[in-house]
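Reading through the structure tokens given below for one structure.
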Amino acid sequence: MEIRIRKAEAADISELRRLIEASVRELQAEDYTPAQMEGALESVFGVDSQLIADGTYLVAEARIVDALSEAETTARRKNPGSGWVIAGCGGWSKRKTLYGSDHWTGREDTLLDPKRDAAKIRAFFIHPAWARRGVGSKILAACEAAARAAGFTSYEMGATLTGAKLFGAKGYLVVENIEVPLKNGLTLPIMHMAKRPRD
């Protein structure tokens, strides 16, 4: 399998919406009820077009390379872009909002100061067909590197219970548990997690 990371573009939005819905409904089913997942898709989870506009939202494209037929190999040599699919997405932000998509009402788009604020790691979703293959880890590494290049030395996020497993393994610690109110009257438990530079 090959994975490549690139910046998300406005043209990706419809595909990202489908990926996010599939990711939530399948991969988060062990951590959330169907009603919580549907409520979150309605108000919290989704595409954040501000991240795309800022150039800080990334997609991981993947393709299987070890089982190609001779005809597929020849076709890909002629058209190297073929065979790549969006396997996951995630980003980082220089804005105050900790979590939420375009339709989240609690957004705070104030710019952060890299000297004293933590970059926000945001909106990670992996397509179920590509789960547990290192896609999320590659996106996270790319996000942290880009935030470092912009002057940030620490990171924080509002992680889903599902995503917290990956982020915990990558050095993020739980700061507090948050109950996010949903439009359907339920709440969505998430974890405010942070990663600080080592002293």
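Chain labels follow the order of the structure tokens: the first chain is A, the next B, and so on; residue numbering restarts at 1 in every chain, and ligands are counted from 1 in their shown order.
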Which residues are near Ser101 (chain A)? Cut-off 6 Å, only C-alpha atoms, ignore same chain within fewer than 3 positions. Put them as a list in words.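 Neighbouring residues, sequence-local ones excluded: Val44, Phe45, Gly46, Val47, Asp48 and Trp104 of chain A.
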Contacts of Val180 (chain A) within 10 Å, only C-alpha atoms, excl. fewer than 6 positions in-chain, as a ChimeraX atom specification: /A:40,44,99,186-190
Could you write out the selected residues, including N, CA and C atoms, as a tab-separated table (two decimals), in the first residue's frame?
```tsv
chain	number	residue	atom	x	y	z
A	40	ALA	N	-24.39	13.97	15.90
A	40	ALA	CA	-23.08	14.58	15.66
A	40	ALA	C	-22.88	14.91	14.18
A	44	VAL	N	-21.94	18.51	14.57
A	44	VAL	CA	-20.54	18.63	14.97
A	44	VAL	C	-19.58	18.10	13.91
A	99	TYR	N	-13.07	22.14	17.87
A	99	TYR	CA	-13.73	21.09	17.09
A	99	TYR	C	-14.96	21.68	16.41
A	186	LEU	N	-29.27	15.05	22.83
A	186	LEU	CA	-28.26	14.19	23.43
A	186	LEU	C	-26.94	14.95	23.56
A	187	THR	N	-25.97	14.32	24.17
A	187	THR	CA	-24.63	14.89	24.21
A	187	THR	C	-23.65	13.89	23.63
A	188	LEU	N	-22.52	14.42	23.16
A	188	LEU	CA	-21.47	13.59	22.58
A	188	LEU	C	-20.22	13.73	23.45
A	189	PRO	N	-19.83	12.65	24.16
A	189	PRO	CA	-18.61	12.76	24.95
A	189	PRO	C	-17.37	12.78	24.05
A	190	ILE	N	-16.52	13.76	24.27
A	190	ILE	CA	-15.23	13.83	23.59
A	190	ILE	C	-14.16	14.13	24.63
```
With only C-alpha atoms as the basis for distance, which of A:Met157, A:Ile126, A:Ala62, A:Leu166 is at the shortest distance from Met1 (chain A)?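 For Met1 (chain A), the nearest of the given residues is A:Ala62.
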So that I can see what lies close to Arg107 (chain A), please list as a ChimeraX atom specification the residues with an atom at most 10 Å from it, counting only C-alpha atoms and leaving out residues fewer than 4 positions away in the same chain. /A:95-103
With N, CA and C atoms retained, could you export that selection as a PDB file, in the first residue's frame?
```pdb
ATOM      1  N   ARG A  95      -6.554  28.669  14.314  1.00  0.00           N
ATOM      2  CA  ARG A  95      -7.712  29.392  14.860  1.00  0.00           C
ATOM      3  C   ARG A  95      -8.162  28.752  16.164  1.00  0.00           C
ATOM      4  N   LYS A  96      -8.953  29.478  16.939  1.00  0.00           N
ATOM      5  CA  LYS A  96      -9.293  29.074  18.306  1.00  0.00           C
ATOM      6  C   LYS A  96     -10.239  27.871  18.386  1.00  0.00           C
ATOM      7  N   THR A  97     -11.074  27.651  17.388  1.00  0.00           N
ATOM      8  CA  THR A  97     -12.056  26.562  17.432  1.00  0.00           C
ATOM      9  C   THR A  97     -11.369  25.224  17.687  1.00  0.00           C
ATOM     10  N   LEU A  98     -11.844  24.484  18.696  1.00  0.00           N
ATOM     11  CA  LEU A  98     -11.246  23.201  19.069  1.00  0.00           C
ATOM     12  C   LEU A  98     -11.810  22.043  18.242  1.00  0.00           C
ATOM     13  N   TYR A  99     -13.074  22.144  17.867  1.00  0.00           N
ATOM     14  CA  TYR A  99     -13.725  21.092  17.089  1.00  0.00           C
ATOM     15  C   TYR A  99     -14.957  21.682  16.405  1.00  0.00           C
ATOM     16  N   GLY A 100     -15.515  20.935  15.459  1.00  0.00           N
ATOM     17  CA  GLY A 100     -16.761  21.350  14.817  1.00  0.00           C
ATOM     18  C   GLY A 100     -16.597  21.601  13.328  1.00  0.00           C
ATOM     19  N   SER A 101     -17.673  21.352  12.607  1.00  0.00           N
ATOM     20  CA  SER A 101     -17.686  21.506  11.152  1.00  0.00           C
ATOM     21  C   SER A 101     -18.313  22.842  10.768  1.00  0.00           C
ATOM     22  N   ASP A 102     -18.601  22.997   9.484  1.00  0.00           N
ATOM     23  CA  ASP A 102     -19.216  24.233   8.992  1.00  0.00           C
ATOM     24  C   ASP A 102     -20.525  24.549   9.707  1.00  0.00           C
ATOM     25  N   HIS A 103     -21.293  23.512  10.079  1.00  0.00           N
ATOM     26  CA  HIS A 103     -22.593  23.787  10.688  1.00  0.00           C
ATOM     27  C   HIS A 103     -22.555  23.787  12.218  1.00  0.00           C
TER      28      HIS A 103
END
```
For a quick check of understanding, using only C-alpha atoms, which of A:Ala87, A:Ala123, A:Leu51, A:Leu58 has the smallest distance to Asp109 (chain A)?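 Checking each candidate against Asp109 (chain A), we get A:Leu51 as the closest.
Taking only C-alpha atoms, the non-local environment of Glu26 (chain A) within 12 Å (same-chain residues fewer than 4 positions away omitted) comprises A:Leu19, A:Ile20, A:Glu21, A:Ala22, A:Glu30, A:Asp31, A:Tyr32, A:Thr33, A:Pro34, A:Met37, A:Glu38, A:Phe125, A:Ile126, A:His127, A:Pro128, A:Ala129, A:Trp130, A:Ala131, A:Thr162.
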